[in-house]
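A.B. asks: Structure: query.cif, mmCIF, C-alpha atoms.
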data_run
#
loop_
_atom_site.group_PDB
_atom_site.id
_atom_site.type_symbol
_atom_site.label_atom_id
_atom_site.label_comp_id
_atom_site.auth_asym_id
_atom_site.auth_seq_id
_atom_site.Cartn_x
_atom_site.Cartn_y
_atom_site.Cartn_z
ATOM 1 C CA MET A 273 -4.979 -97.126 -17.094
ATOM 2 C CA LYS A 274 -3.520 -95.345 -20.131
ATOM 3 C CA THR A 275 0.136 -94.499 -20.746
ATOM 4 C CA GLU A 276 2.175 -93.329 -23.728
ATOM 5 C CA GLY A 277 5.320 -94.910 -25.113
ATOM 6 C CA LYS A 278 7.589 -95.136 -28.140
ATOM 7 C CA VAL A 279 9.518 -97.965 -29.790
ATOM 8 C CA GLU A 280 12.021 -96.579 -32.289
ATOM 9 C CA GLN A 281 9.791 -94.485 -34.619
ATOM 10 C CA VAL A 282 6.482 -96.010 -33.520
ATOM 11 C CA SER A 283 4.612 -94.101 -30.811
ATOM 12 C CA TYR A 284 1.875 -95.996 -29.023
ATOM 13 C CA ARG A 285 -0.844 -95.647 -26.420
ATOM 14 C CA LEU A 286 -0.975 -98.453 -23.875
ATOM 15 C CA VAL A 287 -4.292 -99.347 -22.247
ATOM 16 C CA ARG A 288 -4.226 -101.799 -19.352
ATOM 17 C CA ARG A 289 -7.423 -103.818 -18.946
ATOM 18 C CA ARG A 290 -8.255 -106.359 -16.277
ATOM 19 C CA ARG A 291 -10.383 -108.316 -18.724
ATOM 20 C CA SER A 292 -7.652 -108.483 -21.376
ATOM 21 C CA ARG A 293 -6.041 -111.873 -21.786
ATOM 22 C CA ASN A 294 -3.571 -111.119 -24.573
ATOM 23 C CA ILE A 295 -1.640 -108.231 -26.070
ATOM 24 C CA THR A 296 -3.577 -106.710 -28.962
ATOM 25 C CA VAL A 297 -2.274 -103.976 -31.250
ATOM 26 C CA ARG A 298 -4.453 -101.758 -33.419
ATOM 27 C CA VAL A 299 -3.756 -98.753 -35.633
ATOM 28 C CA LEU A 300 -6.615 -96.284 -35.237
ATOM 29 C CA GLY A 301 -8.005 -94.081 -37.987
ATOM 30 C CA ASN A 302 -5.926 -91.107 -36.862
ATOM 31 C CA GLY A 303 -2.711 -93.155 -37.101
ATOM 32 C CA VAL A 304 -2.388 -93.738 -33.345
ATOM 33 C CA VAL A 305 -1.155 -97.196 -32.355
ATOM 34 C CA ARG A 306 -3.254 -98.504 -29.459
ATOM 35 C CA VAL A 307 -2.079 -101.480 -27.424
ATOM 36 C CA ASN A 308 -4.405 -103.334 -25.065
ATOM 37 C CA ALA A 309 -2.694 -105.547 -22.518
ATOM 38 C CA PRO A 310 -3.359 -107.277 -19.187
ATOM 39 C CA TYR A 311 -1.896 -105.700 -16.044
ATOM 40 C CA GLY A 312 0.493 -108.599 -15.530
ATOM 41 C CA VAL A 313 2.374 -108.172 -18.836
ATOM 42 C CA SER A 314 5.627 -106.210 -18.627
ATOM 43 C CA ARG A 315 6.320 -103.108 -20.703
ATOM 44 C CA SER A 316 9.367 -104.830 -22.247
ATOM 45 C CA ALA A 317 7.204 -107.737 -23.450
ATOM 46 C CA ILE A 318 4.713 -105.323 -24.965
ATOM 47 C CA GLU A 319 7.417 -103.347 -26.758
ATOM 48 C CA GLN A 320 8.959 -106.550 -28.094
ATOM 49 C CA VAL A 321 5.631 -107.330 -29.791
ATOM 50 C CA LEU A 322 5.763 -103.877 -31.399
ATOM 51 C CA ARG A 323 9.330 -104.462 -32.585
ATOM 52 C CA ASP A 324 8.354 -107.821 -34.069
ATOM 53 C CA HIS A 325 5.625 -106.111 -36.128
ATOM 54 C CA LYS A 326 7.404 -102.792 -36.721
ATOM 55 C CA GLU A 327 7.351 -102.849 -40.528
ATOM 56 C CA LYS A 328 3.679 -103.799 -40.701
ATOM 57 C CA LEU A 329 2.749 -101.118 -38.165
ATOM 58 C CA GLU A 330 4.674 -98.432 -40.046
ATOM 59 C CA GLN A 331 2.913 -99.406 -43.270
ATOM 60 C CA LEU A 332 -0.504 -99.283 -41.592
ATOM 61 C CA ILE A 333 0.287 -95.863 -40.107
ATOM 62 C CA GLN A 334 1.354 -94.595 -43.527
ATOM 63 C CA ASN A 335 -1.834 -95.962 -45.105
ATOM 64 C CA GLN A 336 -3.923 -94.160 -42.501
ATOM 65 C CA GLN A 337 -2.099 -90.890 -43.107
ATOM 66 C CA ASN A 338 -2.521 -91.240 -46.872
ATOM 67 C CA SER A 339 -6.247 -91.847 -46.503
ATOM 68 C CA ARG A 340 -6.984 -88.909 -44.210
ATOM 69 C CA HIS A 341 -9.680 -86.636 -45.549
ATOM 70 C CA THR A 342 -8.712 -83.188 -46.823
ATOM 71 C CA TYR A 343 -12.308 -81.852 -46.777
ATOM 72 C CA THR A 344 -11.848 -80.168 -50.126
ATOM 73 C CA ASP A 345 -14.172 -79.944 -53.124
ATOM 74 C CA GLY A 346 -14.456 -83.205 -55.068
ATOM 75 C CA GLU A 347 -13.272 -85.557 -52.333
ATOM 76 C CA ARG A 348 -15.159 -88.857 -51.883
ATOM 77 C CA PHE A 349 -16.853 -89.871 -48.638
ATOM 78 C CA LEU A 350 -18.673 -93.021 -47.583
ATOM 79 C CA PHE A 351 -22.266 -92.291 -46.558
ATOM 80 C CA ALA A 352 -24.911 -94.927 -45.725
ATOM 81 C CA GLY A 353 -23.011 -97.587 -47.634
ATOM 82 C CA ALA A 354 -22.392 -95.594 -50.827
ATOM 83 C CA TYR A 355 -19.718 -93.211 -52.000
ATOM 84 C CA VAL A 356 -20.685 -89.588 -52.438
ATOM 85 C CA ARG A 357 -18.752 -86.609 -53.749
ATOM 86 C CA LEU A 358 -18.152 -83.561 -51.559
ATOM 87 C CA ASP A 359 -19.372 -80.367 -53.236
ATOM 88 C CA LEU A 360 -18.870 -76.961 -51.592
ATOM 89 C CA TYR A 361 -21.294 -74.126 -52.331
ATOM 90 C CA SER A 362 -21.550 -70.533 -51.164
ATOM 91 C CA GLY A 363 -24.992 -69.660 -49.785
ATOM 92 C CA ASP A 364 -26.965 -67.719 -47.222
ATOM 93 C CA ARG A 365 -26.625 -70.297 -44.410
ATOM 94 C CA ASN A 366 -24.489 -73.226 -43.333
ATOM 95 C CA ALA A 367 -26.118 -76.518 -44.316
ATOM 96 C CA VAL A 368 -25.343 -80.061 -45.427
ATOM 97 C CA THR A 369 -27.537 -82.219 -47.677
ATOM 98 C CA VAL A 370 -27.157 -85.375 -49.769
ATOM 99 C CA GLU A 371 -28.573 -85.325 -53.301
ATOM 100 C CA ASP A 372 -27.733 -87.346 -56.420
ATOM 101 C CA GLN A 373 -24.603 -88.928 -54.932
ATOM 102 C CA ARG A 374 -23.434 -85.483 -53.850
ATOM 103 C CA LEU A 375 -22.629 -84.462 -50.280
ATOM 104 C CA LYS A 376 -23.449 -80.775 -50.578
ATOM 105 C CA VAL A 377 -22.010 -78.393 -48.015
ATOM 106 C CA THR A 378 -23.349 -74.859 -48.219
ATOM 107 C CA TYR A 379 -21.387 -72.176 -46.378
ATOM 108 C CA THR A 380 -21.709 -68.469 -45.685
ATOM 109 C CA GLY A 381 -18.980 -65.884 -46.192
ATOM 110 C CA LYS A 382 -15.566 -66.845 -47.461
ATOM 111 C CA ALA A 383 -14.702 -70.393 -48.469
ATOM 112 C CA PRO A 384 -14.540 -72.533 -45.309
ATOM 113 C CA ASP A 385 -11.328 -74.047 -44.049
ATOM 114 C CA PRO A 386 -11.117 -77.864 -43.903
ATOM 115 C CA GLU A 387 -11.666 -77.878 -40.140
ATOM 116 C CA THR A 388 -14.985 -76.076 -40.545
ATOM 117 C CA VAL A 389 -16.120 -78.490 -43.277
ATOM 118 C CA CYS A 390 -15.136 -81.405 -41.024
ATOM 119 C CA ARG A 391 -17.231 -79.984 -38.177
ATOM 120 C CA LEU A 392 -20.276 -79.488 -40.433
ATOM 121 C CA LEU A 393 -20.010 -83.032 -41.786
ATOM 122 C CA LYS A 394 -19.658 -84.537 -38.330
ATOM 123 C CA GLU A 395 -22.849 -82.866 -37.163
ATOM 124 C CA PHE A 396 -24.650 -84.047 -40.301
ATOM 125 C CA TYR A 397 -23.415 -87.607 -39.841
ATOM 126 C CA ARG A 398 -24.398 -87.489 -36.160
ATOM 127 C CA HIS A 399 -27.961 -86.399 -36.927
ATOM 128 C CA SER A 400 -28.379 -88.751 -39.897
ATOM 129 C CA VAL A 401 -27.251 -91.890 -38.088
ATOM 130 C CA ALA A 402 -29.280 -91.014 -34.972
ATOM 131 C CA VAL A 403 -32.446 -91.055 -37.100
ATOM 132 C CA ARG A 404 -31.526 -94.435 -38.586
ATOM 133 C CA ILE A 405 -30.616 -95.971 -35.208
ATOM 134 C CA GLU A 406 -33.821 -94.710 -33.598
ATOM 135 C CA ALA A 407 -35.808 -96.531 -36.287
ATOM 136 C CA LEU A 408 -33.921 -99.800 -35.664
ATOM 137 C CA LEU A 409 -34.189 -99.905 -31.873
ATOM 138 C CA PRO A 410 -37.901 -100.911 -31.686
ATOM 139 C CA TYR A 411 -37.320 -103.664 -34.259
ATOM 140 C CA TRP A 412 -34.533 -105.331 -32.270
ATOM 141 C CA ALA A 413 -36.129 -104.617 -28.900
ATOM 142 C CA GLU A 414 -39.196 -106.601 -29.938
ATOM 143 C CA ARG A 415 -37.155 -109.541 -31.200
ATOM 144 C CA LEU A 416 -34.912 -109.644 -28.148
ATOM 145 C CA GLY A 417 -37.786 -109.133 -25.729
ATOM 146 C CA LEU A 418 -36.338 -105.905 -24.348
ATOM 147 C CA GLU A 419 -37.456 -102.387 -23.611
ATOM 148 C CA ILE A 420 -36.276 -99.785 -26.096
ATOM 149 C CA PRO A 421 -32.994 -98.542 -24.602
ATOM 150 C CA ARG A 422 -31.650 -95.032 -24.343
ATOM 151 C CA PHE A 423 -28.867 -94.188 -26.782
ATOM 152 C CA SER A 424 -26.544 -91.412 -27.808
ATOM 153 C CA VAL A 425 -24.321 -90.681 -30.799
ATOM 154 C CA ARG A 426 -20.789 -89.552 -30.057
ATOM 155 C CA ASP A 427 -17.645 -88.550 -31.901
ATOM 156 C CA THR A 428 -15.634 -91.680 -31.136
ATOM 157 C CA ARG A 429 -12.926 -93.118 -33.373
ATOM 158 C CA ALA A 430 -11.933 -96.390 -31.740
ATOM 159 C CA ARG A 431 -15.322 -98.037 -31.200
ATOM 160 C CA TRP A 432 -18.357 -98.323 -33.426
ATOM 161 C CA GLY A 433 -20.582 -98.693 -30.383
ATOM 162 C CA SER A 434 -20.741 -99.618 -26.726
ATOM 163 C CA CYS A 435 -23.193 -100.579 -24.001
ATOM 164 C CA THR A 436 -22.958 -99.353 -20.417
ATOM 165 C CA ALA A 437 -23.711 -101.375 -17.304
ATOM 166 C CA LYS A 438 -26.785 -99.162 -16.814
ATOM 167 C CA GLY A 439 -28.164 -100.181 -20.220
ATOM 168 C CA THR A 440 -27.424 -97.069 -22.267
ATOM 169 C CA LEU A 441 -26.119 -97.599 -25.796
ATOM 170 C CA HIS A 442 -23.562 -95.319 -27.397
ATOM 171 C CA PHE A 443 -22.780 -95.225 -31.114
ATOM 172 C CA SER A 444 -20.093 -93.457 -33.099
ATOM 173 C CA LEU A 445 -21.271 -90.797 -35.547
ATOM 174 C CA ARG A 446 -19.083 -92.478 -38.165
ATOM 175 C CA SER A 447 -21.563 -95.369 -38.097
ATOM 176 C CA GLN A 448 -23.370 -93.335 -40.753
ATOM 177 C CA VAL A 449 -20.939 -94.780 -43.306
ATOM 178 C CA LEU A 450 -22.561 -98.214 -42.858
ATOM 179 C CA ASN A 451 -25.288 -99.541 -45.119
ATOM 180 C CA ASP A 452 -28.635 -100.606 -43.669
ATOM 181 C CA GLU A 453 -27.645 -104.234 -43.075
ATOM 182 C CA GLN A 454 -24.356 -103.294 -41.431
ATOM 183 C CA LEU A 455 -25.968 -100.684 -39.187
ATOM 184 C CA SER A 456 -28.696 -103.147 -38.222
ATOM 185 C CA TYR A 457 -25.995 -105.622 -37.186
ATOM 186 C CA LEU A 458 -24.295 -102.935 -35.093
ATOM 187 C CA VAL A 459 -27.525 -102.117 -33.271
ATOM 188 C CA LEU A 460 -28.211 -105.822 -32.699
ATOM 189 C CA HIS A 461 -24.674 -106.293 -31.378
ATOM 190 C CA GLU A 462 -24.985 -103.537 -28.800
ATOM 191 C CA MET A 463 -28.524 -104.519 -27.779
ATOM 192 C CA ALA A 464 -27.398 -108.124 -27.351
ATOM 193 C CA HIS A 465 -25.111 -106.828 -24.601
ATOM 194 C CA LEU A 466 -28.264 -105.959 -22.667
ATOM 195 C CA VAL A 467 -28.848 -109.724 -22.513
ATOM 196 C CA HIS A 468 -25.215 -110.883 -22.210
ATOM 197 C CA PHE A 469 -22.878 -108.155 -20.963
ATOM 198 C CA ASN A 470 -19.828 -109.874 -22.467
ATOM 199 C CA HIS A 471 -18.615 -111.598 -25.640
ATOM 200 C CA SER A 472 -19.320 -115.118 -24.412
ATOM 201 C CA LYS A 473 -20.497 -118.097 -26.442
ATOM 202 C CA GLN A 474 -24.034 -117.249 -25.360
ATOM 203 C CA PHE A 475 -23.625 -113.728 -26.713
ATOM 204 C CA HIS A 476 -22.453 -114.973 -30.120
ATOM 205 C CA ALA A 477 -25.171 -117.611 -30.166
ATOM 206 C CA LEU A 478 -27.741 -114.859 -29.665
ATOM 207 C CA LEU A 479 -26.306 -112.902 -32.590
ATOM 208 C CA ALA A 480 -26.376 -115.999 -34.797
ATOM 209 C CA GLN A 481 -29.953 -116.736 -33.775
ATOM 210 C CA HIS A 482 -31.161 -113.358 -35.007
ATOM 211 C CA MET A 483 -28.675 -112.717 -37.836
ATOM 212 C CA CYS A 484 -27.118 -115.892 -39.210
ATOM 213 C CA SER A 485 -24.668 -113.974 -41.425
ATOM 214 C CA TYR A 486 -23.466 -111.692 -38.636
ATOM 215 C CA ARG A 487 -19.822 -112.789 -38.885
ATOM 216 C CA THR A 488 -19.672 -111.841 -42.561
ATOM 217 C CA ILE A 489 -21.328 -108.505 -41.855
ATOM 218 C CA GLN A 490 -18.983 -107.918 -38.930
ATOM 219 C CA LYS A 491 -15.994 -108.325 -41.266
ATOM 220 C CA GLN A 492 -17.566 -105.832 -43.665
ATOM 221 C CA VAL A 493 -17.890 -103.313 -40.843
ATOM 222 C CA PHE A 494 -14.255 -103.784 -39.856
ATOM 223 C CA SER A 495 -13.184 -103.410 -43.504
ATOM 224 C CA VAL A 496 -14.463 -99.811 -43.675
ATOM 225 C CA GLN A 497 -12.794 -98.817 -40.397
ATOM 226 C CA GLN A 498 -10.202 -96.724 -42.197
ATOM 227 C CA GLU A 499 -12.663 -94.985 -44.529
ATOM 228 C CA SER A 500 -15.057 -94.230 -41.689
ATOM 229 C CA GLN A 501 -12.757 -91.833 -39.881
ATOM 230 C CA LEU A 502 -13.880 -88.210 -39.850
ATOM 231 C CA CYS A 503 -10.910 -86.584 -38.183
ATOM 232 C CA PHE A 504 -8.975 -83.449 -38.960
#
As a first step, turn the structure in this file into structure tokens.

C.D. replies:
Amino acid sequence: MKTEGKVEQVSYRLVRRRRSRNITVRVLGNGVVRVNAPYGVSRSAIEQVLRDHKEKLEQLIQNQQNSRHTYTDGERFLFAGAYVRLDLYSGDRNAVTVEDQRLKVTYTGKAPDPETVCRLLKEFYRHSVAVRIEALLPYWAERLGLEIPRFSVRDTRARWGSCTAKGTLHFSLRSQVLNDEQLSYLVLHEMAHLVHFNHSKQFHALLAQHMCSYRTIQKQVFSVQQESQLCF
């Protein structure tokens, strides 16, 4: 269940989850404050947590707003673990390529507005990361003793990936910002849910068995959360 609320100047989105044990607060890439909480916790208790961390939340929101992409010529983007410069070119068709640390967007007609550039980049990131994920799935399927699962790439901001009860994996198109090691960890993480559909000790033991440095890599993935957002 999702509801909206506001504490002083901080607006938030409350998500009630049966599996949640504690109140967790997270500032998403678009500046939205998301609160996860169990059903038994009162709204007043939740809002008190937000008041206790008001200054930190406001600073995080401001940082997110300052880091939002403008989709203008010369801006830097993270792509496959490296920074590339956005270059806009007029041409005979809309296209996006990466060459010599340049993220080249070719457009037709008048100079595109930032929303159009954002849309072109999202589609390019979606296609690029789908190719990389498809190459990783057989590798981890063999090591985990699984069939190669179905997957999709979506425009999600809150999660890097997810696994459904029916065994389908979903990945965010912003996963394209990750380097090869980080993306491999992400694929392993989601495929491990096909063995343990939870975050139990057994699940983490399976990750450690196949990638001993997974906790370090996981922190690296979380550290680029802010830079990974492709929102307008």

A.B. asks: Let me know the residues the PyMOL selection byres ((chain A and resi 502) around 10) catches in the file above, as a list in words.

C.D. replies: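 Selected by the PyMOL selection byres ((chain A and resi 502) around 10) here: Gly301, Asn302, Arg340, His341, Tyr343, Phe349, Cys390, Arg391, Leu393, Lys394, Tyr397, Asp427, Thr428, Arg429, Leu445, Arg446, Gln498, Glu499, Ser500, Gln501, Cys503 and Phe504 of chain A.
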
A.B. asks: Tell me which protein, DNA and RNA residues are within 7 Å of Leu358 of chain A, counting only C-alpha atoms, leaving out same-chain ones fewer than 3 positions away, and put them as a PyMOL selection string.

C.D. replies: chain A and resi 345-348+374-376

A.B. asks: Name the closest residue to Leu441 of chain A among the candidates A:Gln331, A:Gln474, A:Ser424, A:Ser316; distances are taken between atoms, counting all atoms listed in the file.

C.D. replies: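 Using all atoms listed in the file, Leu441 of chain A sits closest to A:Ser424.
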
A.B. asks: How many Å lie between atom CA of Arg290 of chain A and atom CA of Thr275 of chain A, rounded to one decimal?

C.D. replies: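 Taking atom CA of Arg290 of chain A and atom CA of Thr275 of chain A, their separation equals 15.2 Å.
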
A.B. asks: With all atoms listed in the file as the atoms that count, which of A:Arg487, A:His476, A:Arg298, A:His468 lies nearest to Arg431 of chain A?

C.D. replies: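 Under the stated criterion, the closest residue is A:Arg298.
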
A.B. asks: To one decimal in Å, tell me the separation between atom CA of Leu350 of chain A and atom CA of Phe396 of chain A.

C.D. replies: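 If I compute the distance from atom CA of Leu350 of chain A to atom CA of Phe396 of chain A, I get 13.0 Å.
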
A.B. asks: As an exercise, work out the distance from atom CA of Val496 of chain A to atom CA of Gln334 of chain A in Å and give it to one decimal place.

C.D. replies: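 These atoms are spaced 16.7 Å apart.
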
A.B. asks: Could you tell me which residues the PyMOL selection byres ((chain A and resi 282) around 9) returns for this structure, as a VMD selection string?

C.D. replies: chain A and resid 277 to 281 283 to 284 305 322 to 323 326 329 to 330

A.B. asks: Run through the PyMOL selection byres ((chain A and resi 292) around 9) on the given coordinates and return the selected residues as a list in words.

C.D. replies: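 Evaluating the PyMOL selection byres ((chain A and resi 292) around 9) on these coordinates yields Arg288, Arg289, Arg290, Arg291, Arg293, Asn294, Ile295, Thr296, Asn308, Ala309, Pro310 and Tyr311 of chain A.
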
A.B. asks: Looking at A:Lys382, A:Lys473, A:His325, A:Arg404, which one is nearest to Ser447 of chain A, with distances taken over all atoms listed in the file?

C.D. replies: A:Arg404

A.B. asks: Which residue gives the smallest distance to Thr342 of chain A among A:Pro386, A:Gly417, A:Pro410, A:Gly303, with only C-alpha atoms counted?

C.D. replies: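 Smallest separation from Thr342 of chain A among the options: A:Pro386.
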
A.B. asks: Edge lengths and centre in Å to one decimal, as AutoDock Vina command-line options, of the axis-aligned box that encloses all listed atoms of segment 433-445 of chain A with 4 Å added on every side?

C.D. replies:
--center_x -24.1 --center_y -96.1 --center_z -26.2 --size_x 16.1 --size_y 18.6 --size_z 26.7

A.B. asks: May I ask which of the residues A:Thr380, A:Pro421, A:Ala402, A:Ala352 is the closest one to Asp364 of chain A, counting all atoms listed in the file?

C.D. replies: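 Among A:Thr380, A:Pro421, A:Ala402, A:Ala352, it is A:Thr380 that comes nearest to Asp364 of chain A.
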
A.B. asks: Reconstruct N, CA, C and O atoms of segment 465-489 of chain A; output as a CSV table (one decimal), keeping the file's coordinate frame.

C.D. replies:
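Written output follows (part.csv):
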chain,number,residue,atom,x,y,z
A,465,HIS,N,-25.8,-107.0,-25.9
A,465,HIS,CA,-25.1,-106.8,-24.6
A,465,HIS,C,-26.1,-106.5,-23.4
A,465,HIS,O,-25.7,-106.7,-22.3
A,466,LEU,N,-27.3,-106.1,-23.7
A,466,LEU,CA,-28.3,-106.0,-22.7
A,466,LEU,C,-28.8,-107.3,-22.1
A,466,LEU,O,-29.3,-107.4,-21.0
A,467,VAL,N,-28.5,-108.4,-22.9
A,467,VAL,CA,-28.8,-109.7,-22.5
A,467,VAL,C,-27.6,-110.4,-21.9
A,467,VAL,O,-27.7,-111.1,-20.9
A,468,HIS,N,-26.5,-110.3,-22.7
A,468,HIS,CA,-25.2,-110.9,-22.2
A,468,HIS,C,-24.2,-109.8,-22.2
A,468,HIS,O,-23.7,-109.3,-23.3
A,469,PHE,N,-23.8,-109.3,-21.1
A,469,PHE,CA,-22.9,-108.2,-21.0
A,469,PHE,C,-21.4,-108.6,-21.1
A,469,PHE,O,-20.6,-108.4,-20.2
A,470,ASN,N,-21.2,-109.3,-22.2
A,470,ASN,CA,-19.8,-109.9,-22.5
A,470,ASN,C,-19.8,-110.3,-23.9
A,470,ASN,O,-20.7,-110.0,-24.7
A,471,HIS,N,-18.7,-111.0,-24.3
A,471,HIS,CA,-18.6,-111.6,-25.6
A,471,HIS,C,-18.5,-113.1,-25.5
A,471,HIS,O,-17.7,-113.8,-26.2
A,472,SER,N,-19.3,-113.7,-24.7
A,472,SER,CA,-19.3,-115.1,-24.4
A,472,SER,C,-19.9,-115.9,-25.6
A,472,SER,O,-20.4,-115.4,-26.5
A,473,LYS,N,-19.9,-117.2,-25.4
A,473,LYS,CA,-20.5,-118.1,-26.4
A,473,LYS,C,-22.0,-117.8,-26.5
A,473,LYS,O,-22.6,-117.9,-27.6
A,474,GLN,N,-22.6,-117.5,-25.4
A,474,GLN,CA,-24.0,-117.2,-25.4
A,474,GLN,C,-24.3,-116.0,-26.1
A,474,GLN,O,-25.4,-115.9,-26.8
A,475,PHE,N,-23.5,-115.0,-26.0
A,475,PHE,CA,-23.6,-113.7,-26.7
A,475,PHE,C,-23.6,-114.0,-28.2
A,475,PHE,O,-24.5,-113.5,-29.0
A,476,HIS,N,-22.6,-114.7,-28.7
A,476,HIS,CA,-22.5,-115.0,-30.1
A,476,HIS,C,-23.6,-115.9,-30.6
A,476,HIS,O,-24.0,-115.7,-31.8
A,477,ALA,N,-24.0,-116.8,-29.8
A,477,ALA,CA,-25.2,-117.6,-30.2
A,477,ALA,C,-26.4,-116.8,-30.4
A,477,ALA,O,-27.2,-117.0,-31.3
A,478,LEU,N,-26.6,-115.7,-29.5
A,478,LEU,CA,-27.7,-114.9,-29.7
A,478,LEU,C,-27.7,-114.1,-31.0
A,478,LEU,O,-28.7,-113.9,-31.7
A,479,LEU,N,-26.5,-113.6,-31.3
A,479,LEU,CA,-26.3,-112.9,-32.6
A,479,LEU,C,-26.7,-113.8,-33.8
A,479,LEU,O,-27.4,-113.4,-34.7
A,480,ALA,N,-26.1,-115.0,-33.7
A,480,ALA,CA,-26.4,-116.0,-34.8
A,480,ALA,C,-27.9,-116.4,-34.9
A,480,ALA,O,-28.4,-116.6,-36.0
A,481,GLN,N,-28.5,-116.4,-33.8
A,481,GLN,CA,-30.0,-116.7,-33.8
A,481,GLN,C,-30.8,-115.7,-34.5
A,481,GLN,O,-31.7,-116.0,-35.3
A,482,HIS,N,-30.4,-114.4,-34.4
A,482,HIS,CA,-31.2,-113.4,-35.0
A,482,HIS,C,-30.6,-112.8,-36.3
A,482,HIS,O,-31.3,-112.1,-37.1
A,483,MET,N,-29.3,-113.2,-36.6
A,483,MET,CA,-28.7,-112.7,-37.8
A,483,MET,C,-27.6,-113.8,-38.2
A,483,MET,O,-26.5,-113.6,-37.8
A,484,CYS,N,-28.0,-114.7,-39.0
A,484,CYS,CA,-27.1,-115.9,-39.2
A,484,CYS,C,-25.8,-115.5,-39.9
A,484,CYS,O,-24.8,-116.2,-39.8
A,485,SER,N,-25.9,-114.4,-40.7
A,485,SER,CA,-24.7,-114.0,-41.4
A,485,SER,C,-23.9,-112.9,-40.7
A,485,SER,O,-23.1,-112.2,-41.3
A,486,TYR,N,-24.1,-112.8,-39.4
A,486,TYR,CA,-23.5,-111.7,-38.6
A,486,TYR,C,-21.9,-111.6,-38.7
A,486,TYR,O,-21.4,-110.6,-38.7
A,487,ARG,N,-21.3,-112.8,-38.8
A,487,ARG,CA,-19.8,-112.8,-38.9
A,487,ARG,C,-19.3,-112.2,-40.2
A,487,ARG,O,-18.4,-111.4,-40.2
A,488,THR,N,-20.0,-112.5,-41.3
A,488,THR,CA,-19.7,-111.8,-42.6
A,488,THR,C,-19.9,-110.3,-42.5
A,488,THR,O,-19.1,-109.5,-43.0
A,489,ILE,N,-21.0,-109.9,-41.9
A,489,ILE,CA,-21.3,-108.5,-41.9
A,489,ILE,C,-20.3,-107.8,-40.9
A,489,ILE,O,-19.9,-106.7,-41.2
